[in-house]
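Enquirer: Dropping in start35.txt, with compact mmCIF, C-alpha atoms.
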```txt
# COMPACT_ATOMS: atom_id res chain seq x y z
CA MET L 276 3.12 13.15 30.04
CA ASN L 277 1.81 10.54 27.64
CA THR L 278 2.54 9.31 24.15
CA LEU L 279 0.74 8.39 20.96
CA PHE L 280 3.83 6.62 19.77
CA GLU L 281 3.76 3.18 21.41
CA ASN L 282 2.81 0.14 19.32
CA VAL L 283 2.53 2.30 16.21
CA ARG L 284 4.55 3.06 13.11
CA VAL L 285 4.82 6.59 11.76
CA PHE L 286 5.08 7.45 8.07
CA GLU L 287 5.57 10.76 6.31
CA GLN L 288 3.01 11.47 3.60
CA GLN L 289 3.54 14.22 1.03
CA LEU L 290 0.27 15.86 -0.03
CA ASP L 291 -0.32 19.60 -0.46
CA GLU L 292 1.24 19.74 3.00
CA THR L 293 3.52 17.21 4.65
CA GLN L 294 1.79 15.13 7.29
CA TYR L 295 2.52 12.09 9.43
CA LEU L 296 0.36 8.98 9.61
CA VAL L 297 0.41 7.27 13.02
CA LEU L 298 -0.65 3.70 12.26
CA PRO L 299 -1.32 0.83 14.73
CA GLU L 300 1.43 -1.63 13.91
CA GLU L 301 -0.75 -4.73 14.36
CA LYS L 302 -2.76 -3.71 11.27
CA ILE L 303 0.33 -3.48 9.06
CA LYS L 304 1.10 -6.66 7.13
CA LYS L 305 3.26 -7.78 4.23
CA TYR L 306 1.53 -8.29 0.91
CA VAL L 307 2.29 -9.34 -2.63
CA PHE L 308 1.10 -6.55 -4.92
CA PHE L 309 -0.10 -7.08 -8.49
CA SER L 310 -1.04 -4.08 -10.61
CA ILE L 311 -2.21 -5.34 -14.04
CA GLU L 312 -0.83 -8.89 -14.12
CA ILE L 313 -2.66 -11.92 -15.47
CA ALA L 314 -2.37 -15.13 -13.43
CA VAL L 315 -3.04 -18.68 -14.53
CA LYS L 316 -3.68 -21.16 -11.76
CA LYS L 317 -2.57 -24.75 -12.23
CA GLY L 318 -5.31 -26.68 -13.98
CA ASP L 319 -6.64 -23.57 -15.77
CA LEU L 320 -4.10 -23.34 -18.57
CA SER L 321 -6.56 -24.67 -21.18
CA HIS L 322 -9.38 -22.43 -19.91
CA PRO L 323 -8.40 -18.78 -20.56
CA ASN L 324 -11.73 -17.46 -19.23
CA ARG L 325 -10.60 -18.70 -15.78
CA TRP L 326 -7.37 -16.75 -15.94
CA ILE L 327 -7.24 -14.04 -13.28
CA ARG L 328 -6.73 -10.41 -14.27
CA PHE L 329 -5.36 -8.50 -11.28
CA ASN L 330 -6.14 -4.82 -10.81
CA ASP L 331 -4.07 -3.20 -8.04
CA THR L 332 -4.51 -6.32 -5.94
CA LEU L 333 -2.96 -7.04 -2.55
CA ILE L 334 -2.61 -10.62 -1.34
CA GLU L 335 -1.28 -11.36 2.13
CA GLU L 336 2.23 -12.69 1.68
CA GLU L 337 1.63 -15.69 3.96
CA LYS L 338 -1.45 -16.68 1.93
CA PHE L 339 0.25 -16.47 -1.47
CA ASN L 340 2.09 -19.41 -3.02
CA TYR L 341 3.81 -19.07 -6.39
CA GLU L 342 3.58 -22.84 -6.83
CA ASP L 343 -0.21 -22.52 -7.21
CA TYR L 344 0.28 -20.86 -10.61
CA ASP L 345 1.47 -21.94 -14.03
CA LEU L 346 1.96 -18.34 -15.16
CA ILE L 347 1.84 -14.80 -13.81
CA PHE L 348 2.73 -12.13 -16.36
CA VAL L 349 2.14 -8.50 -17.33
CA PRO L 350 0.19 -8.29 -20.60
CA ASP L 351 1.72 -6.04 -23.23
CA LYS L 352 2.22 -5.86 -26.98
CA TRP L 353 5.57 -7.65 -26.86
CA ASN L 354 4.44 -10.83 -25.15
CA ALA L 355 1.20 -10.76 -27.18
CA ALA L 356 3.43 -10.80 -30.29
CA GLU L 357 5.37 -13.74 -28.84
CA VAL L 358 2.13 -15.69 -28.34
CA LYS L 359 1.04 -14.90 -31.89
CA GLU L 360 4.38 -16.09 -33.25
CA ALA L 361 4.16 -19.29 -31.19
CA ILE L 362 0.67 -20.36 -32.26
CA GLY L 363 -0.02 -18.35 -35.40
CA ASP L 364 -3.64 -18.47 -36.56
CA GLN L 365 -4.61 -21.68 -34.76
CA LEU L 366 -7.08 -19.85 -32.49
CA ASN L 367 -8.43 -17.48 -35.14
CA ILE L 368 -8.29 -14.43 -32.86
CA GLU L 369 -6.63 -11.02 -32.82
CA TYR L 370 -3.79 -10.88 -30.32
CA ASP L 371 -4.43 -7.62 -28.49
CA SER L 372 -1.96 -6.30 -25.92
CA GLU L 373 -4.46 -6.77 -23.07
CA PHE L 374 -5.15 -10.41 -24.03
CA ASN L 375 -8.90 -9.68 -23.95
CA ASN L 376 -9.71 -11.92 -26.91
CA LEU L 377 -7.77 -14.86 -25.52
CA LEU L 378 -9.31 -14.48 -22.04
CA SER L 379 -12.80 -14.58 -23.52
CA MET L 380 -12.28 -18.18 -24.70
CA LYS L 381 -13.73 -20.96 -22.55
CA GLU L 382 -11.34 -23.67 -23.67
CA ILE L 383 -8.39 -24.17 -26.00
CA PRO L 384 -6.53 -27.37 -26.95
CA ILE L 385 -3.87 -28.35 -24.42
CA GLU L 386 -1.14 -28.41 -27.06
CA ILE L 387 -1.88 -24.76 -27.89
CA ALA L 388 -2.05 -23.88 -24.19
CA LEU L 389 1.40 -25.38 -23.65
CA LYS L 390 2.79 -23.32 -26.54
CA ILE L 391 1.34 -20.18 -24.92
CA LYS L 392 2.91 -21.14 -21.59
CA GLU L 393 6.29 -21.64 -23.25
CA ALA L 394 6.03 -18.30 -25.08
CA LEU L 395 5.19 -16.45 -21.85
CA SER L 396 7.48 -18.33 -19.49
CA LYS L 397 10.35 -15.86 -19.79
CA TYR L 398 8.00 -13.04 -18.71
CA SER L 399 6.43 -14.97 -15.85
CA TYR L 400 6.78 -14.44 -12.11
CA VAL L 401 7.92 -17.86 -10.93
CA LYS L 402 9.49 -17.47 -7.47
CA LYS L 403 9.34 -15.44 -4.28
CA GLY L 404 10.62 -11.94 -4.83
CA ASP L 405 9.64 -11.72 -8.49
CA ALA L 406 6.44 -9.82 -7.71
CA HIS L 407 6.39 -6.48 -5.90
CA GLU L 408 6.24 -7.12 -2.14
CA VAL L 409 4.99 -4.28 0.03
CA GLU L 410 3.80 -3.43 3.51
CA ALA L 411 0.27 -2.08 3.74
CA PHE L 412 -2.04 -0.80 6.44
CA SER L 413 -5.60 -2.10 6.43
CA VAL L 414 -7.80 0.99 6.88
CA THR L 415 -11.00 -0.98 6.23
CA LYS L 416 -11.72 -4.39 4.72
CA GLU L 417 -11.54 -2.88 1.22
CA GLN L 418 -9.25 0.12 1.78
CA PHE L 419 -5.48 0.00 2.27
CA LEU L 420 -2.59 2.40 2.57
CA ILE L 421 0.41 0.98 0.73
CA LEU L 422 3.52 1.99 2.67
CA ASP L 423 5.84 2.14 -0.31
CA ASP L 424 7.01 5.37 -1.96
CA MET L 425 6.51 3.83 -5.42
CA MET L 426 2.90 2.75 -5.00
CA GLY L 427 0.79 5.89 -5.26
CA HIS L 428 -0.09 6.80 -1.66
CA ASN L 429 2.61 9.50 -1.43
CA ILE L 430 4.44 7.76 1.42
CA THR L 431 7.97 9.14 1.40
CA TYR L 432 9.71 8.00 4.59
CA GLU L 433 9.20 6.07 7.82
CA TYR L 434 9.80 8.02 11.04
CA THR L 435 8.89 5.35 13.59
CA GLU L 436 12.24 5.35 15.38
CA GLU L 437 12.32 9.14 15.64
CA PHE L 438 8.81 9.30 17.12
CA LYS L 439 9.49 6.52 19.64
CA GLU L 440 11.53 9.04 21.62
CA LYS L 441 8.75 11.63 21.67
CA VAL L 442 6.09 12.24 24.32
CA ILE L 443 3.08 14.52 24.48
CA ASP L 444 3.80 17.20 27.07
CA THR L 445 0.59 19.22 26.68
CA GLU L 446 -2.65 18.70 24.76
CA TYR L 447 -5.46 21.04 23.76
CA LYS L 448 -8.73 19.81 22.32
CA ASN L 449 -11.20 21.51 20.00
CA SER L 450 -14.57 19.91 20.79
CA LEU L 451 -16.17 21.55 17.73
CA ASN L 452 -14.20 19.55 15.17
CA GLY L 453 -12.32 16.89 17.15
CA THR L 454 -8.85 18.22 16.37
CA SER L 455 -6.09 18.50 18.98
CA LEU L 456 -3.00 20.60 19.45
CA LEU L 457 -0.09 18.57 20.78
CA ARG L 458 3.05 19.95 22.38
CA VAL L 459 5.53 17.14 21.73
CA GLY L 460 9.11 16.76 22.85
CA ILE L 461 11.79 14.37 24.05
CA ALA L 462 11.51 13.50 27.73
CA ALA L 463 14.27 13.45 30.32
CA GLY L 464 12.75 12.12 33.51
CA ASP L 465 9.63 14.19 34.15
CA LYS L 466 10.72 17.07 31.91
CA VAL L 467 10.73 17.74 28.20
CA PHE L 468 13.70 19.38 26.53
CA GLY L 469 12.65 22.84 25.33
CA SER L 470 14.98 22.76 22.33
CA ASN L 471 13.18 19.68 21.03
CA ILE L 472 9.60 20.91 21.30
CA THR L 473 7.38 20.54 18.23
CA TRP L 474 3.72 21.51 17.94
CA TYR L 475 1.36 19.39 15.89
CA ILE L 476 -2.27 19.62 14.96
CA SER L 477 -3.77 16.16 15.24
CA TRP L 478 -6.98 14.49 14.07
CA ARG L 479 -8.38 11.05 13.35
CA ASP L 480 -8.91 9.95 9.77
CA SER L 481 -12.46 9.68 8.42
CA THR L 482 -12.67 6.00 9.43
CA ASP L 483 -11.29 6.68 12.94
CA ASN L 484 -8.63 4.00 12.43
CA TYR L 485 -5.46 6.07 12.63
CA THR L 486 -4.11 9.50 13.61
CA ILE L 487 -2.79 12.23 11.33
CA LEU L 488 -0.30 14.89 12.45
CA ARG L 489 0.84 18.12 10.84
CA ASP L 490 3.56 20.48 12.07
CA LEU L 491 2.52 23.85 13.44
CA TYR L 492 4.67 26.92 14.03
CA GLU L 493 4.25 29.96 16.30
CA ILE L 494 1.01 28.58 17.69
CA GLU L 495 1.52 28.84 21.46
CA ASP L 496 0.73 32.55 21.80
CA ILE L 497 -2.53 32.40 19.86
CA ILE L 498 -4.06 29.35 21.55
CA PRO L 499 -6.06 31.53 24.01
CA PHE L 500 -7.82 33.11 21.01
CA THR L 501 -8.96 29.78 19.53
CA SER L 502 -11.57 27.14 20.43
CA PHE L 503 -8.92 24.81 21.84
CA GLU L 504 -9.09 23.93 25.54
CA LYS L 505 -6.35 22.35 27.60
CA ILE L 506 -7.04 18.78 28.75
```
Have the structure of the file written as structure tokens, please.
Expert:
Amino acid sequence: MNTLFENVRVFEQQLDETQYLVLPEEKIKKYVFFSIEIAVKKGDLSHPNRWIRFNDTLIEEEKFNYEDYDLIFVPDKWNAAEVKEAIGDQLNIEYDSEFNNLLSMKEIPIEIALKIKEALSKYSYVKKGDAHEVEAFSVTKEQFLILDDMMGHNITYEYTEEFKEKVIDTEYKNSLNGTSLLRVGIAAGDKVFGSNITWYISWRDSTDNYTILRDLYEIEDIIPFTSFEKI
């Protein structure tokens, strides 16, 4: 008997069918997640064209320091109105909810910049925990799975502890498409409890960086009539 479930974490993913993602735990890290926020690094307050517009951005938690920023805020019509009220027509621009016009300016007077900072300060992320902190799995350098049920990757639950008890009792391989059939159960010595047997179809993701499992039912009797071979 062997197991896929050492040094991994297992997450349920709800797509058209429920499946389980078996992810190497060393590639899961904690990140600060920004969706549409605008960030102003210290020293850039008077230079709006240097302000950073995040777009579903992950930053490793250990590499992110709130103290590097004067402001981090979500642009919307309410805080745009607050900025307009604070500085009036001094910049001669339209105050759009995305702050596009302001961010196109190379430089503004420091006294105006400080008024903007004051107007936005109550909306700003200023300390650890203010931003959304998530765990994410690095699939490739540019591709991540965010392991948070609120973040759009349909992750609904973590089953790591449940799968730690499971072992693969029998495996069949389909050499035509690389899929496997796994007879999985809970071991007691050199045996697997029959009442706890589950069959899964298993395959590697398109990048070959993690394993995907889906439950199968009433499969054992039809295996001889498929392309799967016992290994």
Enquirer: Would you give me, as a tab-separated table, each residue of region 364-457 of chain L having an atom within 7 Å of an atom of region 473-487 of chain L, along with its shortest atom pair and that distance in Å to one decimal, using all atoms listed in the file and sorting by chain and residue number?
Expert:
```
residue	atom	partner	partner_atom	distance
L:Val414	CA	L:Asn484	CA	6.4
L:Gly453	CA	L:Trp478	CA	6.6
L:Thr454	CA	L:Trp478	CA	4.8
L:Ser455	CA	L:Ser477	CA	5.0
L:Leu456	CA	L:Ile476	CA	4.7
L:Leu457	CA	L:Tyr475	CA	5.2
```
Enquirer: Smallest atom-to-atom distance to Leu491 (chain L): which of L:Glu436, L:Lys392, L:Val358, L:Glu292, using all atoms listed in the file?
Expert: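 The closest residue to Leu491 (chain L) is L:Glu292.
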Enquirer: Provide the CA of Val409 (chain L) to CA of Arg489 (chain L) distance in Å, to one decimal place.
Expert: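 Separation of CA of Val409 (chain L) and CA of Arg489 (chain L): 25.2 Å.
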Enquirer: Using only C-alpha atoms, which of L:Val285, L:Met380, L:Ser310, L:Leu346 sits nearest Asn324 (chain L)?
Expert: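 Of L:Val285, L:Met380, L:Ser310, L:Leu346, the one nearest Asn324 (chain L), counting only C-alpha atoms, is L:Met380.
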Enquirer: Can you list, as a PDB file with C-alpha atoms, in the frame of the given file, every protein, DNA or RNA residue that comes within 7 Å of region 431-433 of chain L when you count only C-alpha atoms, leaving out same-chain residues fewer than 5 positions away?
Expert:
```pdb
ATOM      1  CA  VAL L 285       4.820   6.590  11.760  1.00  0.00           C
ATOM      2  CA  PHE L 286       5.080   7.450   8.070  1.00  0.00           C
ATOM      3  CA  GLU L 287       5.570  10.760   6.310  1.00  0.00           C
ATOM      4  CA  GLN L 288       3.010  11.470   3.600  1.00  0.00           C
ATOM      5  CA  GLN L 289       3.540  14.220   1.030  1.00  0.00           C
ATOM      6  CA  ASP L 424       7.010   5.370  -1.960  1.00  0.00           C
TER       7      ASP L 424
END
```
Enquirer: How big is the axis-aligned box, and where does its centre sit, when it encloses all atoms of region 430-441 of chain L listed in the file and has 4 Å added on every side, reported in Å to one decimal as JSON?
Expert:
```
{"center_x": 8.4, "center_y": 8.5, "center_z": 11.5, "size_x": 15.9, "size_y": 14.3, "size_z": 28.3}
```
Enquirer: What does the distance between CA of Ile385 (chain L) and CA of Ser321 (chain L) come to in Å, to one decimal place?
Expert: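 Result for CA of Ile385 (chain L) versus CA of Ser321 (chain L): 5.6 Å, one decimal.
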Enquirer: Find, counting only C-alpha atoms, the residue in L:Pro499, L:Gly404, L:Pro350, L:Gly427 that gets nearest to Glu312 (chain L).
Expert: L:Pro350
Enquirer: Would you be able to write out as a list in words which residues have an atom within 10 Å of (-0.4, -23.1, -22.9) in the file's coordinates, counting all atoms listed in the file?
Expert: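 Final list of nearby residues, as requested, is Val315, Asp319, Leu320, Ser321, His322, Pro323, Asp345, Leu346, Val358, Ile362, Ile383, Pro384, Ile385, Glu386, Ile387, Ala388, Leu389, Lys390, Ile391, Lys392, Glu393, Ala394, Leu395 and Ser396 of chain L.
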Enquirer: Nearest residue to Leu378 (chain L) out of L:Ile303, L:Arg325, L:Leu488, L:Leu296, using all atoms listed in the file?
Expert: L:Arg325
Enquirer: What is the distance, in Å and to one decimal place, between CA of Phe412 (chain L) and CA of Ile327 (chain L)?
Expert: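 Rounded to one decimal, the two atoms are 24.3 Å apart.
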Enquirer: Would you list the residues near (2.2, 19.6, 29.3) (no more than 8 Å away, in the coordinates of the file, using only C-alpha atoms) as a list in words?
Expert: Met276, Ile443, Asp444, Thr445, Glu446 and Arg458 of chain L
